[in-house]
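Shown next: run34.pdb, containing PDB, C-alpha atoms, pLDDT in the B column.
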ATOM      1  CA  GLY A   7     -12.439  16.766  -2.353  1.00 56.00           C
ATOM      2  CA  ALA A   8     -11.467  14.428  -5.166  1.00 80.00           C
ATOM      3  CA  GLY A   9      -9.201  11.533  -4.323  1.00 91.00           C
ATOM      4  CA  VAL A  10      -6.523   9.858  -6.381  1.00 95.00           C
ATOM      5  CA  SER A  11      -7.865   8.644  -9.694  1.00 95.00           C
ATOM      6  CA  GLN A  12      -6.390   6.084 -12.056  1.00 96.00           C
ATOM      7  CA  SER A  13      -7.168   4.993 -15.575  1.00 96.00           C
ATOM      8  CA  PRO A  14      -7.968   2.658 -17.081  1.00 96.00           C
ATOM      9  CA  SER A  15      -9.563   0.672 -14.255  1.00 95.00           C
ATOM     10  CA  ASN A  16      -8.950  -2.552 -16.155  1.00 96.00           C
ATOM     11  CA  LYS A  17      -6.603  -3.381 -19.007  1.00 97.00           C
ATOM     12  CA  VAL A  18      -6.249  -6.608 -20.924  1.00 97.00           C
ATOM     13  CA  THR A  19      -3.337  -6.804 -23.327  1.00 97.00           C
ATOM     14  CA  GLU A  20      -1.375  -9.338 -25.291  1.00 97.00           C
ATOM     15  CA  LYS A  21       2.116 -10.380 -24.373  1.00 97.00           C
ATOM     16  CA  GLY A  22       4.654  -8.141 -26.063  1.00 97.00           C
ATOM     17  CA  LYS A  23       2.437  -5.056 -26.290  1.00 97.00           C
ATOM     18  CA  ASP A  24       3.147  -1.787 -24.493  1.00 98.00           C
ATOM     19  CA  VAL A  25       0.722  -0.337 -21.939  1.00 98.00           C
ATOM     20  CA  GLU A  26       0.340   3.079 -20.331  1.00 98.00           C
ATOM     21  CA  LEU A  27      -1.283   3.555 -16.959  1.00 98.00           C
ATOM     22  CA  ARG A  28      -2.337   6.976 -15.727  1.00 97.00           C
ATOM     23  CA  CYS A  29      -2.554   8.474 -12.251  1.00 97.00           C
ATOM     24  CA  ASP A  30      -4.097  11.791 -11.221  1.00 96.00           C
ATOM     25  CA  PRO A  31      -2.992  12.599  -7.663  1.00 95.00           C
ATOM     26  CA  ILE A  32      -4.852  14.665  -5.107  1.00 94.00           C
ATOM     27  CA  SER A  33      -4.417  18.326  -6.006  1.00 92.00           C
ATOM     28  CA  GLY A  34      -1.533  19.899  -4.092  1.00 90.00           C
ATOM     29  CA  HIS A  35       0.121  16.625  -3.140  1.00 91.00           C
ATOM     30  CA  THR A  36       3.812  16.887  -3.901  1.00 90.00           C
ATOM     31  CA  ALA A  37       4.685  13.213  -3.599  1.00 92.00           C
ATOM     32  CA  LEU A  38       3.444  10.477  -5.900  1.00 95.00           C
ATOM     33  CA  TYR A  39       4.096   6.736  -5.664  1.00 96.00           C
ATOM     34  CA  TRP A  40       3.507   3.688  -7.824  1.00 97.00           C
ATOM     35  CA  TYR A  41       3.102   0.217  -6.304  1.00 97.00           C
ATOM     36  CA  ARG A  42       2.337  -3.191  -7.747  1.00 97.00           C
ATOM     37  CA  GLN A  43       0.170  -5.788  -6.038  1.00 94.00           C
ATOM     38  CA  ARG A  44       0.094  -9.339  -7.315  1.00 92.00           C
ATOM     39  CA  LEU A  45      -2.875 -11.506  -6.432  1.00 86.00           C
ATOM     40  CA  GLY A  46      -2.886 -12.327  -2.727  1.00 81.00           C
ATOM     41  CA  GLN A  47       0.326 -10.416  -2.113  1.00 84.00           C
ATOM     42  CA  GLY A  48       1.341  -7.231  -0.369  1.00 86.00           C
ATOM     43  CA  LEU A  49       2.193  -3.994  -2.131  1.00 92.00           C
ATOM     44  CA  GLU A  50       5.546  -3.788  -3.891  1.00 94.00           C
ATOM     45  CA  PHE A  51       7.120  -0.346  -4.323  1.00 93.00           C
ATOM     46  CA  LEU A  52       7.972   0.666  -7.891  1.00 96.00           C
ATOM     47  CA  ILE A  53       8.830   4.378  -8.113  1.00 95.00           C
ATOM     48  CA  TYR A  54       8.468   7.614  -6.135  1.00 93.00           C
ATOM     49  CA  PHE A  55       8.315  11.246  -7.277  1.00 92.00           C
ATOM     50  CA  GLN A  56       8.811  14.146  -4.876  1.00 89.00           C
ATOM     51  CA  GLY A  57       8.477  17.662  -6.233  1.00 83.00           C
ATOM     52  CA  ASN A  58      11.269  18.520  -8.631  1.00 83.00           C
ATOM     53  CA  SER A  59      13.718  16.016  -7.163  1.00 85.00           C
ATOM     54  CA  ALA A  60      15.030  13.099  -9.182  1.00 87.00           C
ATOM     55  CA  PRO A  61      12.609  10.185  -8.812  1.00 90.00           C
ATOM     56  CA  ASP A  62      13.457   7.136  -6.712  1.00 90.00           C
ATOM     57  CA  LYS A  63      13.345   4.347  -9.297  1.00 91.00           C
ATOM     58  CA  SER A  64      14.826   1.685  -7.063  1.00 89.00           C
ATOM     59  CA  GLY A  65      11.715  -0.525  -7.174  1.00 92.00           C
ATOM     60  CA  LEU A  66      11.320  -0.803 -10.942  1.00 95.00           C
ATOM     61  CA  PRO A  67      11.706  -4.524 -11.715  1.00 94.00           C
ATOM     62  CA  SER A  68      13.279  -4.145 -15.158  1.00 94.00           C
ATOM     63  CA  ASP A  69      14.113  -1.603 -17.834  1.00 95.00           C
ATOM     64  CA  ARG A  70      10.775  -2.383 -19.462  1.00 97.00           C
ATOM     65  CA  PHE A  71       9.192  -0.259 -16.740  1.00 97.00           C
ATOM     66  CA  SER A  72       9.358   3.533 -16.746  1.00 97.00           C
ATOM     67  CA  ALA A  73       7.350   6.402 -15.328  1.00 96.00           C
ATOM     68  CA  GLU A  74       7.040  10.114 -15.803  1.00 95.00           C
ATOM     69  CA  ARG A  75       5.393  12.885 -13.887  1.00 94.00           C
ATOM     70  CA  THR A  76       4.455  16.309 -15.186  1.00 85.00           C
ATOM     71  CA  GLY A  77       5.264  18.838 -12.468  1.00 80.00           C
ATOM     72  CA  GLU A  78       3.154  18.001  -9.455  1.00 80.00           C
ATOM     73  CA  SER A  79       0.284  16.538 -11.417  1.00 88.00           C
ATOM     74  CA  VAL A  80      -0.374  13.574 -13.638  1.00 94.00           C
ATOM     75  CA  SER A  81       1.924  10.575 -13.768  1.00 97.00           C
ATOM     76  CA  THR A  82       2.147   7.833 -16.366  1.00 97.00           C
ATOM     77  CA  LEU A  83       3.588   4.371 -15.788  1.00 98.00           C
ATOM     78  CA  THR A  84       4.646   2.641 -18.995  1.00 98.00           C
ATOM     79  CA  ILE A  85       5.354  -1.054 -19.347  1.00 98.00           C
ATOM     80  CA  GLN A  86       6.997  -2.046 -22.612  1.00 98.00           C
ATOM     81  CA  ARG A  87       6.860  -5.502 -24.163  1.00 97.00           C
ATOM     82  CA  THR A  88       4.534  -6.777 -21.465  1.00 97.00           C
ATOM     83  CA  GLN A  89       5.025 -10.247 -20.027  1.00 97.00           C
ATOM     84  CA  GLN A  90       2.510 -12.483 -18.286  1.00 96.00           C
ATOM     85  CA  GLU A  91       4.265 -11.932 -14.957  1.00 95.00           C
ATOM     86  CA  ASP A  92       3.389  -8.227 -15.263  1.00 97.00           C
ATOM     87  CA  SER A  93      -0.243  -9.134 -14.561  1.00 97.00           C
ATOM     88  CA  ALA A  94      -1.137  -7.374 -11.310  1.00 97.00           C
ATOM     89  CA  VAL A  95      -2.958  -4.406  -9.867  1.00 96.00           C
ATOM     90  CA  TYR A  96      -0.954  -1.210 -10.246  1.00 98.00           C
ATOM     91  CA  LEU A  97      -1.714   1.251  -7.469  1.00 97.00           C
ATOM     92  CA  CYS A  98      -0.863   4.924  -7.359  1.00 97.00           C
ATOM     93  CA  ALA A  99      -0.727   6.960  -4.153  1.00 96.00           C
ATOM     94  CA  SER A 100      -0.072  10.602  -3.349  1.00 94.00           C
ATOM     95  CA  SER A 101       0.834  12.443  -0.181  1.00 91.00           C
ATOM     96  CA  LEU A 102       1.533  15.893   1.143  1.00 88.00           C
ATOM     97  CA  SER A 103       2.973  15.279   4.601  1.00 79.00           C
ATOM     98  CA  GLY A 104       3.482  11.561   5.023  1.00 79.00           C
ATOM     99  CA  THR A 105       0.202   9.662   4.879  1.00 88.00           C
ATOM    100  CA  GLN A 106      -0.251   8.111   1.458  1.00 92.00           C
ATOM    101  CA  TYR A 107      -3.681   8.060  -0.131  1.00 94.00           C
ATOM    102  CA  PHE A 108      -4.283   5.409  -2.737  1.00 95.00           C
ATOM    103  CA  GLY A 109      -6.182   5.353  -5.966  1.00 94.00           C
ATOM    104  CA  PRO A 110      -8.445   2.453  -6.994  1.00 92.00           C
ATOM    105  CA  GLY A 111      -5.742   0.868  -9.112  1.00 95.00           C
ATOM    106  CA  THR A 112      -5.478  -0.461 -12.638  1.00 97.00           C
ATOM    107  CA  ARG A 113      -5.964  -4.196 -13.011  1.00 96.00           C
ATOM    108  CA  LEU A 114      -3.627  -5.359 -15.745  1.00 97.00           C
ATOM    109  CA  LEU A 115      -3.984  -8.767 -17.334  1.00 97.00           C
ATOM    110  CA  VAL A 116      -1.381  -9.886 -19.864  1.00 97.00           C
ATOM    111  CA  LEU A 117      -2.514 -12.805 -21.980  1.00 96.00           C
TER     112      LEU A 117
ATOM    113  CA  GLY B  11      16.870  -3.069   4.938  1.00 61.00           C
ATOM    114  CA  GLN B  12      13.344  -3.567   6.187  1.00 70.00           C
ATOM    115  CA  ASN B  13      11.511  -6.775   6.993  1.00 86.00           C
ATOM    116  CA  ILE B  14       7.881  -6.903   8.065  1.00 92.00           C
ATOM    117  CA  ASP B  15       5.937  -9.944   9.275  1.00 94.00           C
ATOM    118  CA  GLN B  16       2.211 -10.388   9.746  1.00 96.00           C
ATOM    119  CA  PRO B  17       0.017 -13.467  10.056  1.00 96.00           C
ATOM    120  CA  THR B  18      -1.484 -14.410   6.713  1.00 94.00           C
ATOM    121  CA  GLU B  19      -5.039 -15.103   7.807  1.00 96.00           C
ATOM    122  CA  MET B  20      -7.248 -14.683  10.855  1.00 97.00           C
ATOM    123  CA  THR B  21     -10.857 -15.521  11.586  1.00 97.00           C
ATOM    124  CA  ALA B  22     -13.050 -13.923  14.230  1.00 97.00           C
ATOM    125  CA  THR B  23     -16.705 -13.731  15.206  1.00 97.00           C
ATOM    126  CA  GLU B  24     -18.993 -10.758  14.756  1.00 97.00           C
ATOM    127  CA  GLY B  25     -19.068  -8.666  17.928  1.00 97.00           C
ATOM    128  CA  ALA B  26     -15.747 -10.003  19.193  1.00 97.00           C
ATOM    129  CA  ILE B  27     -12.312  -8.380  19.513  1.00 97.00           C
ATOM    130  CA  VAL B  28      -9.364  -9.290  17.325  1.00 98.00           C
ATOM    131  CA  GLN B  29      -5.696  -8.302  17.505  1.00 98.00           C
ATOM    132  CA  ILE B  30      -3.576  -8.305  14.358  1.00 98.00           C
ATOM    133  CA  ASN B  31       0.152  -8.320  15.039  1.00 98.00           C
ATOM    134  CA  CYS B  32       3.004  -6.898  13.005  1.00 97.00           C
ATOM    135  CA  THR B  33       6.710  -7.236  13.709  1.00 96.00           C
ATOM    136  CA  TYR B  34       9.333  -5.274  11.844  1.00 93.00           C
ATOM    137  CA  GLN B  35      13.085  -5.042  11.498  1.00 89.00           C
ATOM    138  CA  THR B  36      14.383  -1.763  10.160  1.00 79.00           C
ATOM    139  CA  SER B  37      17.727  -0.016   9.856  1.00 75.00           C
ATOM    140  CA  GLY B  38      16.067   3.102  11.232  1.00 77.00           C
ATOM    141  CA  PHE B  39      12.537   3.873  12.279  1.00 78.00           C
ATOM    142  CA  ASN B  40      10.134   6.729  11.820  1.00 77.00           C
ATOM    143  CA  GLY B  41       6.660   5.438  12.269  1.00 88.00           C
ATOM    144  CA  LEU B  42       4.401   2.594  11.268  1.00 93.00           C
ATOM    145  CA  PHE B  43       1.220   2.687   9.204  1.00 94.00           C
ATOM    146  CA  TRP B  44      -1.840   0.459   9.153  1.00 97.00           C
ATOM    147  CA  TYR B  45      -4.072   0.295   6.093  1.00 96.00           C
ATOM    148  CA  GLN B  46      -7.317  -1.561   5.439  1.00 97.00           C
ATOM    149  CA  GLN B  47      -7.941  -3.078   2.024  1.00 94.00           C
ATOM    150  CA  HIS B  48     -11.249  -4.608   1.017  1.00 94.00           C
ATOM    151  CA  ALA B  49     -11.115  -7.141  -1.785  1.00 89.00           C
ATOM    152  CA  GLY B  50     -10.733  -5.439  -5.132  1.00 85.00           C
ATOM    153  CA  GLU B  51     -10.381  -1.988  -3.615  1.00 88.00           C
ATOM    154  CA  ALA B  52      -7.592   0.446  -2.789  1.00 88.00           C
ATOM    155  CA  PRO B  53      -5.917   0.456   0.632  1.00 92.00           C
ATOM    156  CA  THR B  54      -7.357   3.073   2.972  1.00 94.00           C
ATOM    157  CA  PHE B  55      -5.416   4.707   5.784  1.00 94.00           C
ATOM    158  CA  LEU B  56      -6.239   3.593   9.320  1.00 96.00           C
ATOM    159  CA  SER B  57      -3.464   4.798  11.600  1.00 95.00           C
ATOM    160  CA  TYR B  58       0.083   6.068  11.949  1.00 93.00           C
ATOM    161  CA  ASN B  59       2.092   5.421  15.113  1.00 94.00           C
ATOM    162  CA  VAL B  60       5.433   7.066  15.751  1.00 91.00           C
ATOM    163  CA  LEU B  61       5.550   7.021  19.551  1.00 93.00           C
ATOM    164  CA  ASP B  62       5.182   4.051  21.877  1.00 95.00           C
ATOM    165  CA  GLY B  63       1.754   3.291  23.240  1.00 96.00           C
ATOM    166  CA  LEU B  64      -1.826   2.814  22.229  1.00 96.00           C
ATOM    167  CA  GLU B  65      -3.772   5.179  20.016  1.00 94.00           C
ATOM    168  CA  GLU B  66      -7.503   4.727  19.929  1.00 94.00           C
ATOM    169  CA  LYS B  67      -9.754   5.739  17.082  1.00 90.00           C
ATOM    170  CA  GLY B  68     -13.292   4.526  17.582  1.00 93.00           C
ATOM    171  CA  ARG B  69     -13.492   0.740  17.263  1.00 96.00           C
ATOM    172  CA  PHE B  70      -9.916   0.575  15.963  1.00 96.00           C
ATOM    173  CA  SER B  71      -6.788   1.044  18.068  1.00 97.00           C
ATOM    174  CA  SER B  72      -3.148   0.727  17.141  1.00 97.00           C
ATOM    175  CA  PHE B  73      -0.240  -0.022  19.446  1.00 97.00           C
ATOM    176  CA  LEU B  74       3.489   0.448  18.980  1.00 96.00           C
ATOM    177  CA  SER B  75       6.545  -0.721  20.890  1.00 95.00           C
ATOM    178  CA  ARG B  76       9.700   0.607  19.234  1.00 92.00           C
ATOM    179  CA  SER B  77      12.037  -1.306  21.545  1.00 91.00           C
ATOM    180  CA  LYS B  78      10.385  -4.594  20.561  1.00 92.00           C
ATOM    181  CA  GLY B  79       9.840  -3.773  16.884  1.00 93.00           C
ATOM    182  CA  TYR B  80       6.210  -4.638  17.346  1.00 94.00           C
ATOM    183  CA  SER B  81       2.816  -3.188  16.567  1.00 97.00           C
ATOM    184  CA  TYR B  82      -0.726  -4.428  16.667  1.00 98.00           C
ATOM    185  CA  LEU B  83      -4.077  -3.328  15.369  1.00 98.00           C
ATOM    186  CA  LEU B  84      -7.001  -3.972  17.699  1.00 98.00           C
ATOM    187  CA  LEU B  85     -10.490  -4.169  16.275  1.00 97.00           C
ATOM    188  CA  LYS B  86     -13.381  -4.113  18.733  1.00 97.00           C
ATOM    189  CA  GLU B  87     -17.057  -4.956  18.280  1.00 97.00           C
ATOM    190  CA  LEU B  88     -16.301  -6.636  14.989  1.00 98.00           C
ATOM    191  CA  GLN B  89     -18.722  -6.117  12.148  1.00 97.00           C
ATOM    192  CA  MET B  90     -19.091  -8.141   8.970  1.00 97.00           C
ATOM    193  CA  LYS B  91     -17.801  -5.158   6.983  1.00 97.00           C
ATOM    194  CA  ASP B  92     -14.476  -5.450   8.835  1.00 97.00           C
ATOM    195  CA  SER B  93     -13.680  -8.506   6.694  1.00 98.00           C
ATOM    196  CA  ALA B  94     -10.698  -7.231   4.736  1.00 97.00           C
ATOM    197  CA  SER B  95      -6.927  -7.361   4.513  1.00 95.00           C
ATOM    198  CA  TYR B  96      -4.973  -5.296   7.021  1.00 97.00           C
ATOM    199  CA  LEU B  97      -1.596  -4.052   5.851  1.00 95.00           C
ATOM    200  CA  CYS B  98       1.263  -2.985   8.084  1.00 95.00           C
ATOM    201  CA  ALA B  99       3.865  -0.681   6.497  1.00 93.00           C
ATOM    202  CA  VAL B 100       6.956   1.308   7.432  1.00 91.00           C
ATOM    203  CA  PRO B 101       8.617   4.154   5.517  1.00 86.00           C
ATOM    204  CA  SER B 102      11.942   3.421   3.873  1.00 80.00           C
ATOM    205  CA  PRO B 103      14.304   5.132   4.305  1.00 71.00           C
ATOM    206  CA  PRO B 104      13.119   6.417   7.675  1.00 62.00           C
ATOM    207  CA  GLY B 105      11.188   9.589   7.128  1.00 58.00           C
ATOM    208  CA  ASN B 106       7.558  10.236   6.496  1.00 49.00           C
ATOM    209  CA  THR B 107       7.632  11.085   2.825  1.00 57.00           C
ATOM    210  CA  GLY B 108       9.443   8.129   1.330  1.00 75.00           C
ATOM    211  CA  LYS B 109       8.228   4.880  -0.109  1.00 85.00           C
ATOM    212  CA  LEU B 110       6.422   2.425   2.135  1.00 89.00           C
ATOM    213  CA  ILE B 111       7.536  -1.136   2.669  1.00 89.00           C
ATOM    214  CA  PHE B 112       4.469  -3.307   3.216  1.00 92.00           C
ATOM    215  CA  GLY B 113       3.972  -6.582   4.954  1.00 92.00           C
ATOM    216  CA  GLN B 114       2.093  -9.292   3.084  1.00 92.00           C
ATOM    217  CA  GLY B 115      -1.143  -8.302   4.790  1.00 94.00           C
ATOM    218  CA  THR B 116      -3.440 -10.179   7.152  1.00 96.00           C
ATOM    219  CA  THR B 117      -6.733 -11.319   5.684  1.00 96.00           C
ATOM    220  CA  LEU B 118      -9.407 -11.132   8.366  1.00 98.00           C
ATOM    221  CA  GLN B 119     -12.635 -13.032   7.953  1.00 97.00           C
ATOM    222  CA  VAL B 120     -15.475 -12.058  10.269  1.00 97.00           C
ATOM    223  CA  LYS B 121     -18.092 -14.749  10.702  1.00 96.00           C
ATOM    224  CA  PRO B 122     -21.644 -14.337  12.016  1.00 95.00           C
TER     225      PRO B 122
END
Mind converting the file's structure to structure tokens?
Amino acid sequence: GAGVSQSPSNKVTEKGKDVELRCDPISGHTALYWYRQRLGQGLEFLIYFQGNSAPDKSGLPSDRFSAERTGESVSTLTIQRTQQEDSAVYLCASSLSGTQYFGPGTRLLVL
Amino acid sequence: GQNIDQPTEMTATEGAIVQINCTYQTSGFNGLFWYQQHAGEAPTFLSYNVLDGLEEKGRFSSFLSRSKGYSYLLLKELQMKDSASYLCAVPSPPGNTGKLIFGQGTTLQVKP
């Protein structure tokens, strides 16, 4: 079946602009996660959605970052007033019973 | 909180065996994951250990010792395509549906 998909695959933006990153989880997966991976680094947790529960936003680095999820489907991660330090790969993952399956990521470059 | 340590880089020869270690400190524990990540690609699931001991899956095996806070990934009969980063991760808070806390990853280079 189809895996996790993300769009766009690459995004170049100017400092100060807003960006929206999209994630389509595996159908039926109730949990959805966003992570950030800077070059040569491990994955850094950002936010977690589980069903209709309030999301765990404890990993969002600043109030410029926000995310939404529609039911148990698509999620959007928004970064407002982007900064150069936001340059990274943003990875989305979904799960049904524990194991997280990752999408290919969006490579964001802020100039 | 959680703290996870892995070696940054390792090099091994094609056909050999390599062991990638991971140590963790957690306030509770409910399993440990290993993922493989090729350069420029998404992490892919390799294994999940929740009980002590060795679990074998083809050329890859994963070991866990909960009392020592220690795990390793064993790769046998190394192939060039095994060159990748190997990520160790634990759920936080303990439970198998929460966020994962990742180590920095071990970059393995397999040489001919």
- [ ] Considering only C-alpha atoms, state which residue in the set B:Leu74, B:Leu61, B:Met20, B:Leu88 is at the smallest distance from Leu118 in chain B.
- [x]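 Closest residue, counting only C-alpha atoms: B:Met20.
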Task: chain A residues near chain B (8 Å cut-off, all atoms listed in the file) as a list in words - done: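 The answer, sorted by residue number, is Ala37, Tyr39, Gln47, Gly48, Leu49, Glu50, Phe51, Tyr54, Leu97, Ser101, Leu102, Ser103, Gly104, Thr105, Gln106, Tyr107, Phe108, Gly109, Pro110 and Gly111 of chain A.
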Task: Selection result of the PyMOL selection byres ((chain A and resi 63) around 8) on this file, as a PyMOL selection string - done: chain A and resi 52-54+61-62+64-66
Task: Contacts of Gln89 in chain A within 12 Å, only C-alpha atoms, excl. fewer than 3 positions in-chain, as a list in words - done: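 After dropping sequence-adjacent residues, the list is Val18, Thr19, Glu20, Lys21, Gly22, Lys23, Asp24, Val25, Ser68, Arg70, Phe71, Ile85, Gln86, Asp92, Ser93, Ala94, Leu114, Leu115, Val116 and Leu117 of chain A.
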Open item on the list: When the PyMOL selection byres ((chain B and resi 122) around 10) is applied to the structure above, which residues does it catch, written out as a ChimeraX atom specification?
Closed with: /B:22-25,88-90,119-121
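Our summary of the geometry notes that CA of Leu85 in chain B is positioned 12.3 Å from CA of Thr21 in chain B.
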Open item on the list: Using Å and a single decimal, report how far CA of Asn16 in chain A sits from CA of Ser79 in chain A.
Closed with: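 A separation of 21.7 Å between them.
Atom pair CA of Gln43 in chain A / CA of Leu84 in chain B: separated by 24.9 Å.
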Please write N, CA and C atoms of range 63-80 of chain B, from the structure given just now, as a PDB file, in the first residue's frame.
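Below is the file that was written, decode_24.pdb:
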ATOM      1  N   GLY B  63      17.515  -9.691  25.354  1.00  0.00           N
ATOM      2  CA  GLY B  63      17.956 -10.769  24.487  1.00  0.00           C
ATOM      3  C   GLY B  63      18.180 -10.320  23.064  1.00  0.00           C
ATOM      4  N   LEU B  64      18.473 -11.293  22.259  1.00  0.00           N
ATOM      5  CA  LEU B  64      18.828 -11.058  20.852  1.00  0.00           C
ATOM      6  C   LEU B  64      17.672 -11.454  19.947  1.00  0.00           C
ATOM      7  N   GLU B  65      17.336 -10.557  19.037  1.00  0.00           N
ATOM      8  CA  GLU B  65      16.335 -10.875  18.017  1.00  0.00           C
ATOM      9  C   GLU B  65      17.000 -10.829  16.660  1.00  0.00           C
ATOM     10  N   GLU B  66      16.864 -11.913  15.928  1.00  0.00           N
ATOM     11  CA  GLU B  66      17.532 -12.005  14.638  1.00  0.00           C
ATOM     12  C   GLU B  66      16.533 -11.861  13.508  1.00  0.00           C
ATOM     13  N   LYS B  67      16.975 -11.083  12.495  1.00  0.00           N
ATOM     14  CA  LYS B  67      16.127 -10.861  11.335  1.00  0.00           C
ATOM     15  C   LYS B  67      17.041 -10.841  10.122  1.00  0.00           C
ATOM     16  N   GLY B  68      17.291 -12.022   9.574  1.00  0.00           N
ATOM     17  CA  GLY B  68      18.178 -12.106   8.423  1.00  0.00           C
ATOM     18  C   GLY B  68      19.598 -11.722   8.801  1.00  0.00           C
ATOM     19  N   ARG B  69      20.190 -10.805   8.042  1.00  0.00           N
ATOM     20  CA  ARG B  69      21.574 -10.394   8.319  1.00  0.00           C
ATOM     21  C   ARG B  69      21.655  -9.433   9.505  1.00  0.00           C
ATOM     22  N   PHE B  70      20.515  -8.898   9.920  1.00  0.00           N
ATOM     23  CA  PHE B  70      20.502  -7.913  11.001  1.00  0.00           C
ATOM     24  C   PHE B  70      19.941  -8.548  12.274  1.00  0.00           C
ATOM     25  N   SER B  71      20.594  -8.265  13.394  1.00  0.00           N
ATOM     26  CA  SER B  71      20.109  -8.705  14.696  1.00  0.00           C
ATOM     27  C   SER B  71      20.153  -7.519  15.641  1.00  0.00           C
ATOM     28  N   SER B  72      19.262  -7.516  16.607  1.00  0.00           N
ATOM     29  CA  SER B  72      19.289  -6.450  17.605  1.00  0.00           C
ATOM     30  C   SER B  72      19.213  -7.070  18.987  1.00  0.00           C
ATOM     31  N   PHE B  73      20.003  -6.489  19.894  1.00  0.00           N
ATOM     32  CA  PHE B  73      20.125  -7.002  21.255  1.00  0.00           C
ATOM     33  C   PHE B  73      19.725  -5.927  22.238  1.00  0.00           C
ATOM     34  N   LEU B  74      19.117  -6.354  23.341  1.00  0.00           N
ATOM     35  CA  LEU B  74      18.724  -5.417  24.396  1.00  0.00           C
ATOM     36  C   LEU B  74      19.065  -5.981  25.764  1.00  0.00           C
ATOM     37  N   SER B  75      19.623  -5.119  26.621  1.00  0.00           N
ATOM     38  CA  SER B  75      19.777  -5.414  28.035  1.00  0.00           C
ATOM     39  C   SER B  75      19.164  -4.250  28.807  1.00  0.00           C
ATOM     40  N   ARG B  76      18.002  -4.471  29.387  1.00  0.00           N
ATOM     41  CA  ARG B  76      17.310  -3.389  30.101  1.00  0.00           C
ATOM     42  C   ARG B  76      18.049  -3.002  31.377  1.00  0.00           C
ATOM     43  N   SER B  77      18.645  -3.998  32.055  1.00  0.00           N
ATOM     44  CA  SER B  77      19.338  -3.691  33.305  1.00  0.00           C
ATOM     45  C   SER B  77      20.569  -2.816  33.072  1.00  0.00           C
ATOM     46  N   LYS B  78      21.175  -2.941  31.896  1.00  0.00           N
ATOM     47  CA  LYS B  78      22.369  -2.161  31.578  1.00  0.00           C
ATOM     48  C   LYS B  78      22.054  -0.922  30.745  1.00  0.00           C
ATOM     49  N   GLY B  79      20.824  -0.756  30.324  1.00  0.00           N
ATOM     50  CA  GLY B  79      20.483   0.388  29.472  1.00  0.00           C
ATOM     51  C   GLY B  79      21.276   0.364  28.182  1.00  0.00           C
ATOM     52  N   TYR B  80      21.292  -0.780  27.544  1.00  0.00           N
ATOM     53  CA  TYR B  80      22.223  -0.999  26.441  1.00  0.00           C
ATOM     54  C   TYR B  80      21.565  -1.825  25.351  1.00  0.00           C
TER      55      TYR B  80
END
